[in-house]
>>> print(open('structure-v1.cif').read())   # mmCIF, C-alpha atoms
data_input
loop_
_atom_site.label_atom_id
_atom_site.label_comp_id
_atom_site.auth_asym_id
_atom_site.auth_seq_id
_atom_site.Cartn_x
_atom_site.Cartn_y
_atom_site.Cartn_z
CA MET C 1 29.46 49.68 -3.88
CA ARG C 2 30.14 49.76 -0.14
CA VAL C 3 29.87 46.48 1.79
CA ILE C 4 29.65 46.25 5.58
CA VAL C 5 30.94 42.91 6.89
CA VAL C 6 30.16 42.04 10.50
CA GLY C 7 32.55 39.42 11.84
CA ALA C 8 36.25 38.91 11.15
CA GLY C 9 36.41 35.13 11.11
CA VAL C 10 37.26 33.31 7.92
CA VAL C 11 33.72 33.49 6.46
CA GLY C 12 33.48 37.25 7.03
CA THR C 13 37.01 37.88 5.85
CA MET C 14 36.45 35.93 2.64
CA HIS C 15 33.35 38.03 1.95
CA ALA C 16 35.51 41.13 2.44
CA TRP C 17 38.15 39.60 0.14
CA HIS C 18 35.73 39.01 -2.72
CA ALA C 19 34.16 42.45 -2.38
CA VAL C 20 37.53 44.22 -2.45
CA SER C 21 38.76 41.98 -5.28
CA ARG C 22 35.76 43.09 -7.33
CA GLY C 23 36.56 46.75 -6.80
CA HIS C 24 34.24 47.57 -3.92
CA GLU C 25 34.81 49.36 -0.63
CA VAL C 26 34.55 47.29 2.58
CA VAL C 27 34.15 48.13 6.24
CA GLN C 28 34.69 45.08 8.44
CA ILE C 29 33.52 45.23 12.06
CA GLU C 30 34.60 42.74 14.73
CA ARG C 31 33.49 42.71 18.36
CA GLU C 32 36.92 41.46 19.54
CA SER C 33 40.10 43.31 18.68
CA GLU C 34 40.79 40.41 16.31
CA ALA C 35 38.84 37.25 15.57
CA ARG C 36 39.21 34.66 18.36
CA GLY C 37 36.61 32.02 17.50
CA ALA C 38 36.44 28.84 15.48
CA SER C 39 38.39 30.30 12.55
CA LEU C 40 41.51 30.23 14.71
CA ARG C 41 40.69 27.14 16.77
CA ASN C 42 40.75 24.62 13.94
CA PHE C 43 43.22 22.53 11.96
CA GLY C 44 43.65 24.92 9.08
CA GLN C 45 42.84 22.01 6.80
CA ILE C 46 41.32 22.48 3.37
CA TRP C 47 39.53 19.15 3.63
CA VAL C 48 38.13 17.79 0.37
CA SER C 49 38.44 14.07 1.02
CA GLY C 50 35.37 13.35 3.15
CA ARG C 51 32.87 15.81 1.72
CA ALA C 52 29.47 14.65 0.56
CA GLY C 53 29.07 14.29 -3.17
CA GLY C 54 27.28 16.99 -5.12
CA GLU C 55 27.09 20.59 -3.91
CA GLU C 56 29.29 20.08 -0.86
CA LEU C 57 32.13 18.52 -2.85
CA GLU C 58 31.78 21.06 -5.66
CA THR C 59 31.99 23.87 -3.08
CA ALA C 60 35.05 22.32 -1.44
CA LEU C 61 36.83 21.80 -4.77
CA ARG C 62 36.13 25.36 -5.86
CA ALA C 63 37.31 26.62 -2.47
CA ARG C 64 40.48 24.53 -2.77
CA GLU C 65 41.18 26.23 -6.11
CA LEU C 66 40.53 29.66 -4.61
CA TRP C 67 42.70 28.98 -1.54
CA GLU C 68 45.62 28.04 -3.76
CA GLY C 69 45.29 31.23 -5.79
CA ILE C 70 44.98 33.41 -2.70
CA GLY C 71 47.92 31.57 -1.15
CA ARG C 72 50.15 32.55 -4.06
CA ARG C 73 49.18 36.18 -3.51
CA VAL C 74 49.35 36.08 0.32
CA PRO C 75 52.31 33.92 1.41
CA GLY C 76 51.44 34.58 5.06
CA LEU C 77 48.52 32.16 4.71
CA GLY C 78 51.02 29.31 4.76
CA PHE C 79 49.07 27.48 2.06
CA ARG C 80 50.49 24.08 1.19
CA ALA C 81 49.09 21.37 -1.05
CA CYS C 82 50.09 18.59 1.35
CA GLY C 83 47.32 16.06 0.71
CA SER C 84 46.21 13.63 3.40
CA LEU C 85 46.81 10.02 4.40
CA THR C 86 44.45 7.82 6.39
CA PRO C 87 46.45 4.80 7.64
CA LEU C 88 44.38 1.60 7.72
CA ARG C 89 44.97 -1.30 10.09
CA THR C 90 42.30 -3.88 9.32
CA ALA C 91 40.66 -5.51 6.32
CA ARG C 92 37.35 -3.84 7.19
CA GLU C 93 38.95 -0.38 7.16
CA VAL C 94 40.56 -1.17 3.80
CA ALA C 95 37.14 -2.23 2.50
CA VAL C 96 35.70 1.19 3.38
CA ALA C 97 38.57 2.84 1.47
CA GLU C 98 37.94 0.56 -1.51
CA ALA C 99 34.27 1.54 -1.49
CA ALA C 100 35.31 5.21 -1.52
CA LEU C 101 37.58 4.51 -4.50
CA ALA C 102 34.54 3.12 -6.35
CA ARG C 103 32.72 6.47 -6.11
CA THR C 104 32.19 8.29 -9.39
CA ASP C 105 33.85 11.37 -7.89
CA ALA C 106 36.91 9.54 -6.49
CA ALA C 107 39.22 10.96 -9.16
CA ALA C 108 38.09 14.53 -8.40
CA ARG C 109 39.13 13.99 -4.78
CA GLY C 110 42.46 12.46 -5.76
CA TYR C 111 41.79 9.18 -3.96
CA LYS C 112 44.35 6.37 -4.17
CA LEU C 113 44.78 3.29 -2.03
CA LEU C 114 48.45 2.92 -1.14
CA THR C 115 50.48 0.15 0.41
CA ALA C 116 52.07 0.93 3.75
CA GLN C 117 55.43 1.20 1.99
CA ALA C 118 54.10 3.71 -0.54
CA ALA C 119 52.42 5.73 2.23
CA ARG C 120 55.71 5.93 4.15
CA ALA C 121 57.44 7.09 0.99
CA LEU C 122 55.00 10.03 0.96
CA ASN C 123 55.21 10.60 4.71
CA PRO C 124 58.31 9.00 6.30
CA ALA C 125 57.22 10.09 9.79
CA LEU C 126 54.57 7.32 9.74
CA ARG C 127 56.74 4.53 11.16
CA GLY C 128 54.00 2.73 13.08
CA THR C 129 52.03 -0.36 12.18
CA PHE C 130 49.36 -0.21 9.47
CA THR C 131 48.62 -2.26 6.36
CA ALA C 132 47.57 0.38 3.79
CA ALA C 133 46.51 4.01 3.57
CA LEU C 134 43.96 6.11 1.71
CA TRP C 135 45.62 9.07 -0.03
CA CYS C 136 43.64 12.19 -0.94
CA GLU C 137 45.71 14.45 -3.17
CA ARG C 138 43.32 17.42 -3.08
CA ASP C 139 43.53 18.09 0.65
CA ALA C 140 45.62 21.07 1.72
CA ALA C 141 46.34 23.28 4.74
CA VAL C 142 46.85 26.87 5.88
CA GLU C 143 47.92 28.40 9.21
CA PRO C 144 44.65 29.14 11.07
CA ARG C 145 46.07 31.36 13.81
CA THR C 146 47.60 33.80 11.33
CA ALA C 147 45.50 33.43 8.15
CA GLN C 148 43.02 36.19 9.02
CA LEU C 149 45.85 38.58 9.95
CA ALA C 150 47.63 37.91 6.66
CA LEU C 151 44.42 38.43 4.69
CA LYS C 152 43.68 41.63 6.60
CA ALA C 153 47.12 43.04 5.82
CA GLU C 154 46.57 42.41 2.11
CA LEU C 155 43.09 43.95 2.26
CA LEU C 156 44.43 47.06 4.00
CA ALA C 157 46.99 47.48 1.23
CA SER C 158 44.14 47.82 -1.28
CA GLY C 159 43.11 51.25 0.06
CA ARG C 160 39.44 50.20 -0.14
CA TYR C 161 39.22 48.39 3.18
CA THR C 162 38.65 49.59 6.76
CA TYR C 163 38.88 47.35 9.81
CA LEU C 164 37.09 48.27 13.04
CA GLY C 165 37.93 45.94 15.91
CA GLY C 166 36.52 46.05 19.42
CA ARG C 167 33.04 47.08 18.23
CA GLU C 168 29.89 45.04 18.60
CA VAL C 169 27.07 45.64 16.14
CA ARG C 170 23.87 46.15 18.15
CA ASP C 171 21.20 47.12 15.65
CA VAL C 172 20.12 47.36 12.03
CA VAL C 173 18.93 50.93 11.60
CA GLY C 174 17.86 51.04 7.97
CA ALA C 175 18.49 49.44 4.62
CA ALA C 176 22.08 48.17 4.68
CA SER C 177 22.94 50.19 7.81
CA VAL C 178 24.07 49.02 11.27
CA ARG C 179 24.82 50.73 14.57
CA ASP C 180 27.70 49.58 16.77
CA ASP C 181 28.13 49.85 20.54
CA HIS C 182 30.12 53.07 20.13
CA GLY C 183 26.97 54.65 18.72
CA ASP C 184 28.43 54.89 15.20
CA VAL C 185 26.23 54.07 12.22
CA HIS C 186 27.79 52.31 9.24
CA THR C 187 25.87 52.55 5.98
CA GLY C 188 26.57 50.63 2.81
CA ASP C 189 24.86 48.97 -0.12
CA ALA C 190 24.95 45.53 1.53
CA VAL C 191 25.54 44.16 5.03
CA ILE C 192 26.95 40.67 5.57
CA LEU C 193 26.45 39.23 9.05
CA ALA C 194 29.13 36.56 9.36
CA THR C 195 28.90 36.18 13.11
CA GLY C 196 29.97 32.54 13.42
CA ALA C 197 28.69 30.82 16.55
CA TRP C 198 27.28 34.07 17.94
CA LEU C 199 23.62 33.18 17.36
CA GLY C 200 21.90 35.16 20.12
CA GLY C 201 21.28 38.87 20.56
CA LEU C 202 20.95 40.71 17.28
CA VAL C 203 21.10 37.50 15.21
CA ARG C 204 18.13 36.04 17.11
CA GLU C 205 16.20 39.29 16.76
CA LEU C 206 16.79 39.39 13.00
CA ALA C 207 16.51 35.70 12.08
CA GLY C 208 14.05 34.54 14.72
CA PRO C 209 14.26 31.82 17.36
CA GLU C 210 13.88 28.99 14.82
CA LEU C 211 17.15 29.65 13.02
CA PRO C 212 18.11 26.20 11.62
CA VAL C 213 21.63 26.36 13.00
CA ARG C 214 23.15 24.73 16.07
CA ARG C 215 26.37 25.22 17.98
CA VAL C 216 29.01 22.48 18.19
CA ARG C 217 31.86 22.33 20.71
CA LEU C 218 35.22 20.64 20.14
CA GLN C 219 38.47 19.94 21.97
CA MET C 220 41.92 20.04 20.33
CA MET C 221 45.59 20.25 21.23
CA GLN C 222 48.97 21.27 19.85
CA THR C 223 52.42 19.84 20.56
CA ASP C 224 55.98 21.03 20.61
CA PRO C 225 57.82 20.59 17.30
CA LEU C 226 57.94 17.01 16.06
CA GLY C 227 61.57 17.35 15.03
CA GLU C 228 60.93 16.09 11.51
CA PRO C 229 58.49 16.89 8.72
CA LEU C 230 54.99 15.45 8.74
CA THR C 231 54.60 15.86 5.02
CA THR C 232 50.85 15.16 4.79
CA SER C 233 47.84 15.70 6.96
CA VAL C 234 46.84 12.49 8.76
CA ALA C 235 43.44 11.04 9.67
CA ASP C 236 42.36 7.75 11.20
CA ALA C 237 39.59 5.33 10.26
CA ASP C 238 37.23 7.03 12.72
CA SER C 239 37.05 9.81 10.12
CA PHE C 240 35.21 7.27 7.94
CA ARG C 241 32.46 7.21 10.57
CA TYR C 242 32.23 11.01 10.60
CA TYR C 243 32.46 12.18 6.98
CA PRO C 244 29.59 11.51 4.54
CA ALA C 245 31.79 10.50 1.58
CA TYR C 246 32.55 7.18 3.26
CA ARG C 247 28.97 5.98 3.80
CA SER C 248 28.64 2.52 2.28
CA ASP C 249 27.80 -1.07 3.06
CA ALA C 250 31.47 -1.50 3.95
CA LEU C 251 31.15 1.25 6.55
CA ASP C 252 28.05 -0.42 7.98
CA ALA C 253 30.08 -3.63 8.31
CA LEU C 254 32.92 -1.73 9.99
CA ASN C 255 30.52 -0.24 12.52
CA ALA C 256 28.90 -3.61 13.17
CA HIS C 257 32.03 -5.73 13.50
CA GLN C 258 34.73 -3.25 14.53
CA PRO C 259 33.08 -0.95 17.07
CA GLN C 260 34.61 2.43 17.76
CA ASP C 261 36.77 2.80 20.87
CA PRO C 262 34.42 3.65 23.77
CA VAL C 263 36.12 6.99 24.52
CA ALA C 264 36.04 7.95 20.85
CA ALA C 265 32.38 6.95 20.59
CA GLU C 266 31.40 8.86 23.73
CA HIS C 267 33.03 12.06 22.49
CA ARG C 268 32.17 11.51 18.78
CA MET C 269 35.83 11.58 17.89
CA GLN C 270 38.07 11.23 14.91
CA LEU C 271 41.78 11.83 14.54
CA LEU C 272 42.87 14.68 12.32
CA MET C 273 46.45 15.90 12.49
CA VAL C 274 48.41 18.56 10.62
CA GLN C 275 51.85 20.01 11.17
CA ARG C 276 52.20 23.72 11.79
CA ASN C 277 54.93 25.87 10.25
CA ASP C 278 56.85 25.76 13.55
CA GLY C 279 56.92 21.95 13.47
CA GLY C 280 54.27 21.40 16.13
CA LEU C 281 51.29 19.13 15.53
CA THR C 282 47.66 20.26 15.73
CA ILE C 283 45.63 17.23 16.81
CA GLY C 284 41.91 16.65 17.41
CA ASP C 285 39.02 16.44 17.74
CA THR C 286 35.77 15.85 19.61
CA HIS C 287 32.17 16.87 18.89
CA GLU C 288 29.67 17.94 21.53
CA TYR C 289 26.13 18.89 20.52
CA GLU C 290 24.10 19.00 23.74
CA HIS C 291 23.61 22.32 25.49
CA PRO C 292 24.69 23.71 27.84
CA PHE C 293 28.31 22.97 26.92
CA ALA C 294 30.81 22.14 29.63
CA PHE C 295 33.10 24.99 30.60
CA ASP C 296 36.12 22.72 31.08
CA THR C 297 38.03 20.27 28.90
CA VAL C 298 38.25 16.58 29.81
CA GLU C 299 41.39 14.49 29.61
CA GLU C 300 40.22 11.14 28.23
CA PRO C 301 39.90 12.34 24.60
CA TYR C 302 43.44 13.72 24.69
CA GLU C 303 44.73 10.41 26.05
CA HIS C 304 42.92 8.54 23.27
CA LEU C 305 44.32 10.83 20.56
CA THR C 306 47.82 10.45 21.97
CA ARG C 307 47.57 6.65 21.77
CA VAL C 308 46.35 6.74 18.17
CA VAL C 309 49.00 9.22 17.03
CA GLU C 310 51.84 7.38 18.73
CA ALA C 311 50.73 4.13 17.08
CA PHE C 312 50.92 5.78 13.64
CA LEU C 313 54.19 7.57 14.29
CA GLY C 314 55.85 4.64 16.06
CA ARG C 315 57.32 7.06 18.60
CA PRO C 316 56.25 9.15 21.61
CA LEU C 317 54.29 12.29 20.93
CA PRO C 318 56.16 15.55 21.66
CA ARG C 319 55.07 17.45 24.76
CA VAL C 320 51.58 18.89 24.48
CA ARG C 321 51.92 22.64 24.97
CA GLN C 322 48.37 23.86 24.30
CA ARG C 323 44.86 22.49 24.78
CA TRP C 324 41.70 24.36 23.91
CA ALA C 325 38.00 24.18 23.23
CA GLY C 326 36.14 25.90 20.43
CA VAL C 327 32.56 26.36 19.27
CA TYR C 328 31.30 26.63 15.71
CA ALA C 329 27.90 26.99 14.04
CA GLN C 330 26.45 24.16 11.95
CA CYS C 331 23.25 23.91 9.91
CA THR C 332 20.90 21.44 11.55
CA ASP C 333 20.35 20.03 8.06
CA THR C 334 23.97 18.94 7.73
CA SER C 335 23.55 18.34 3.99
CA ARG C 336 23.45 22.13 3.54
CA VAL C 337 26.81 23.81 3.04
CA VAL C 338 25.76 27.06 4.71
CA HIS C 339 22.71 28.98 5.90
CA ARG C 340 22.31 32.14 3.78
CA GLN C 341 19.28 34.30 4.64
CA GLN C 342 18.19 37.85 3.88
CA VAL C 343 17.05 39.13 7.26
CA ARG C 344 16.36 42.79 6.39
CA ASP C 345 16.56 45.01 3.33
CA GLY C 346 20.17 44.86 2.24
CA VAL C 347 21.20 42.60 5.16
CA TRP C 348 22.21 38.93 4.78
CA LEU C 349 23.09 36.42 7.48
CA ILE C 350 25.73 33.86 6.45
CA THR C 351 26.34 31.17 9.07
CA GLY C 352 26.34 27.46 9.84
CA PRO C 353 29.05 25.93 7.61
CA GLY C 354 29.97 23.65 10.51
CA GLY C 355 33.36 21.98 10.29
CA ARG C 356 33.49 23.05 6.63
CA GLY C 357 34.06 26.74 7.37
CA MET C 358 37.81 26.83 6.87
CA THR C 359 37.59 24.57 3.83
CA CYS C 360 34.66 26.15 2.02
CA SER C 361 34.66 29.83 3.01
CA PRO C 362 36.25 31.22 -0.20
CA ALA C 363 33.60 29.51 -2.33
CA ILE C 364 30.77 30.36 0.08
CA ALA C 365 31.73 34.03 -0.16
CA GLU C 366 32.10 33.84 -3.93
CA THR C 367 28.57 32.47 -4.20
CA THR C 368 27.26 35.31 -2.04
CA ALA C 369 29.04 37.86 -4.19
CA ASP C 370 27.63 36.33 -7.37
CA GLN C 371 24.09 36.13 -6.00
CA LEU C 372 24.17 39.75 -4.83
CA GLY C 373 25.64 40.99 -8.09
CA TRP C 374 28.85 42.41 -6.68
#
>>> encode(input="structure-v1.cif", output="structure tokens")
Amino acid sequence: MRVIVVGAGVVGTMHAWHAVSRGHEVVQIERESEARGASLRNFGQIWVSGRAGGEELETALRARELWEGIGRRVPGLGFRACGSLTPLRTAREVAVAEAALARTDAAARGYKLLTAQAARALNPALRGTFTAALWCERDAAVEPRTAQLALKAELLASGRYTYLGGREVRDVVGAASVRDDHGDVHTGDAVILATGAWLGGLVRELAGPELPVRRVRLQMMQTDPLGEPLTTSVADADSFRYYPAYRSDALDALNAHQPQDPVAAEHRMQLLMVQRNDGGLTIGDTHEYEHPFAFDTVEEPYEHLTRVVEAFLGRPLPRVRQRWAGVYAQCTDTSRVVHRQQVRDGVWLITGPGGRGMTCSPAIAETTADQLGW
């Protein structure tokens, strides 16, 4: 079988990975020389802790298993089973964590409620003031800026993989065939359109104007090296407001009696933080849903994140050396893990995983491969 994959972000690359792993030939086409979208502009977190129960959690857990296996084979991914801590400052935040611990799937996530002392034993860099912390053992991380390159190098070594960068697919010209902007036609047995947040042009022509996917913009930043290990990923209690696993009466009480900081509420924020291999910290993020998106970044969210991080670390944040915005595609029905649609004979559109793309992509691609009989 010959599979044409359009898009070299993490979703497209994982489809290429599964096809090659199952003995097939792959041609992957990317309109940039290398992927530059949301797959690089994220935390690199394999985030199990906050996922909705049922299909979403099952997908995330399967993806976590796949990431670990791929990480053993491709050290350049920088896979690490670091887990995550959410430091808690108030009794109402602790109550939300306790409600999460009462879930029937809490053990699958690796939830534990730790004292502040026990949390600092896991992550000594957390020297600030908090009373307890929610630990999620199943969370992990990879290096987002280099993961696709490392995967591509391994795919090229298979001898069954071709990468074509700097080519934009313009048309579907037959069953499982596409034409790029060089005029070349690429024919296979299946075409996977994993075009990320690129939802206009050919995608609109194929899927129609009512595609149930929206674009979401975020802001993030990265610091100079911290100078010491941050041994776990770190979140704050605003993540309880964002992720579906934490919905409960206790969360309703938190929202009613401990309102979110006005800047965080305006920009629909949470703190997520992970340390990069060079020691720097990737910190975010915001969520913007209304179009048209701003073309610039605004400073207030960065100031808010800095205050929250410094309170947890008990020390000044290292110099911020990079700030950026990114855009990803999310199903408008956010309970759906991904939008998977056959748009022509032999052509499937896979898009809309939202903020779950980095976490869930190996399992999303595995499901596609199984459904298509690869």
>>> resolve_selection(input="structure-v1.cif", expression="the PyMOL selection byres ((chain C and resi 324) around 8)", output="number ranges by chain")
C: 41, 219-221, 297, 322-323, 325-326
>>> write_last_selection(input="structure-v1.cif", atoms="C-alpha atoms", output="CSV table (one decimal), keeping the file's coordinate frame")
chain,number,residue,atom,x,y,z
C,41,ARG,CA,40.7,27.1,16.8
C,219,GLN,CA,38.5,19.9,22.0
C,220,MET,CA,41.9,20.0,20.3
C,221,MET,CA,45.6,20.2,21.2
C,297,THR,CA,38.0,20.3,28.9
C,322,GLN,CA,48.4,23.9,24.3
C,323,ARG,CA,44.9,22.5,24.8
C,325,ALA,CA,38.0,24.2,23.2
C,326,GLY,CA,36.1,25.9,20.4
>>> resolve_selection(input="structure-v1.cif", expression="the PyMOL selection byres ((chain C and resi 348-363) around 7)", output="PyMOL selection string")
chain C and resi 10-11+14+39+44-47+59-60+62-63+66-67+191-196+213+328-331+337-343+346-347+364-367
>>> atom_distance(input="structure-v1.cif", atom1="CA of Pro87 in chain C", atom2="CA of Thr129 in chain C")
8.9 Å
>>> atom_distance(input="structure-v1.cif", atom1="CA of Ile29 in chain C", atom2="CA of Trp374 in chain C")
19.5 Å
>>> closest_residue(input="structure-v1.cif", among="C:Thr368, C:Asn123, C:Gln260, C:Thr104", to="Trp17 in chain C", atoms="only C-alpha atoms")
C:Thr368
>>> resolve_selection(input="structure-v1.cif", expression="the PyMOL selection byres ((chain C and resi 152-156) around 9)", output="PyMOL selection string")
chain C and resi 13+16-17+20-21+73-74+147-151+157-163
>>> atom_distance(input="structure-v1.cif", atom1="CA of Asn277 in chain C", atom2="CA of Leu126 in chain C")
18.6 Å
>>> axis_aligned_box(input="structure-v1.cif", around="range 226-243 of chain C", padding_each_side="6 Å", output="lines of an AutoDock Vina configuration file")
center_x = 46.9
center_y = 11.3
center_z = 10.4
size_x = 41.3
size_y = 24.0
size_z = 23.3
>>> closest_residue(input="structure-v1.cif", among="C:Leu57, C:Ala140, C:Leu305, C:Ile70", to="Pro244 in chain C", atoms="all atoms listed in the file")
C:Leu57
>>> closest_residue(input="structure-v1.cif", among="C:Val327, C:Ala125, C:Ala100, C:Ala108", to="Phe295 in chain C", atoms="all atoms listed in the file")
C:Val327
>>> residues_around(input="structure-v1.cif", residues="Val169 in chain C", least_positions_apart="6", cutoff="12 Å", atoms="all atoms listed in the file", output="list of chain:residue names")
C:Ile4, C:Val5, C:Val6, C:Gly7, C:Gln28, C:Ile29, C:Glu30, C:Arg31, C:Glu32, C:Ser177, C:Val178, C:Arg179, C:Asp180, C:Asp181, C:His182, C:Gly183, C:Asp184, C:Val185, C:His186, C:Val191, C:Ile192, C:Leu193, C:Ala194, C:Thr195, C:Trp198, C:Gly201, C:Leu202, C:Val203
>>> closest_residue(input="structure-v1.cif", among="C:Leu134, C:Gln222, C:Arg214, C:Gly280", to="Gly200 in chain C", atoms="all atoms listed in the file")
C:Arg214
>>> closest_residue(input="structure-v1.cif", among="C:Ser84, C:Thr115, C:Ser248, C:Asn42", to="Ala235 in chain C", atoms="all atoms listed in the file")
C:Ser84
>>> residues_around(input="structure-v1.cif", residues="Ser233 in chain C", least_positions_apart="2", cutoff="9 Å", atoms="all atoms listed in the file", output="ChimeraX atom specification")
/C:45,82-86,139-141,230-231,235,272-275
>>> residues_around(input="structure-v1.cif", residues="Glu303 in chain C", least_positions_apart="5", cutoff="12 Å", atoms="only C-alpha atoms", output="MDAnalysis selection string")
chainID C and resid 220:221 263:264 271 283:285 298 308:310 317 320
>>> residues_around(input="structure-v1.cif", residues="Phe240 in chain C", least_positions_apart="2", cutoff="10 Å", atoms="all atoms listed in the file", output="PDB file with C-alpha atoms, keeping the file's coordinate frame")
ATOM      1  CA  GLY C  50      35.370  13.350   3.150  1.00  0.00           C
ATOM      2  CA  THR C  86      44.450   7.820   6.390  1.00  0.00           C
ATOM      3  CA  GLU C  93      38.950  -0.380   7.160  1.00  0.00           C
ATOM      4  CA  VAL C  96      35.700   1.190   3.380  1.00  0.00           C
ATOM      5  CA  ALA C  97      38.570   2.840   1.470  1.00  0.00           C
ATOM      6  CA  ALA C 100      35.310   5.210  -1.520  1.00  0.00           C
ATOM      7  CA  ALA C 235      43.440  11.040   9.670  1.00  0.00           C
ATOM      8  CA  ASP C 236      42.360   7.750  11.200  1.00  0.00           C
ATOM      9  CA  ALA C 237      39.590   5.330  10.260  1.00  0.00           C
ATOM     10  CA  ASP C 238      37.230   7.030  12.720  1.00  0.00           C
ATOM     11  CA  TYR C 242      32.230  11.010  10.600  1.00  0.00           C
ATOM     12  CA  TYR C 243      32.460  12.180   6.980  1.00  0.00           C
ATOM     13  CA  PRO C 244      29.590  11.510   4.540  1.00  0.00           C
ATOM     14  CA  ALA C 245      31.790  10.500   1.580  1.00  0.00           C
ATOM     15  CA  TYR C 246      32.550   7.180   3.260  1.00  0.00           C
ATOM     16  CA  ARG C 247      28.970   5.980   3.800  1.00  0.00           C
ATOM     17  CA  SER C 248      28.640   2.520   2.280  1.00  0.00           C
ATOM     18  CA  LEU C 251      31.150   1.250   6.550  1.00  0.00           C
ATOM     19  CA  LEU C 254      32.920  -1.730   9.990  1.00  0.00           C
ATOM     20  CA  ASN C 255      30.520  -0.240  12.520  1.00  0.00           C
ATOM     21  CA  GLN C 270      38.070  11.230  14.910  1.00  0.00           C
TER      22      GLN C 270
END
>>> closest_residue(input="structure-v1.cif", among="C:Asp333, C:Asp261, C:Asp105, C:Glu65", to="His304 in chain C", atoms="all atoms listed in the file")
C:Asp261
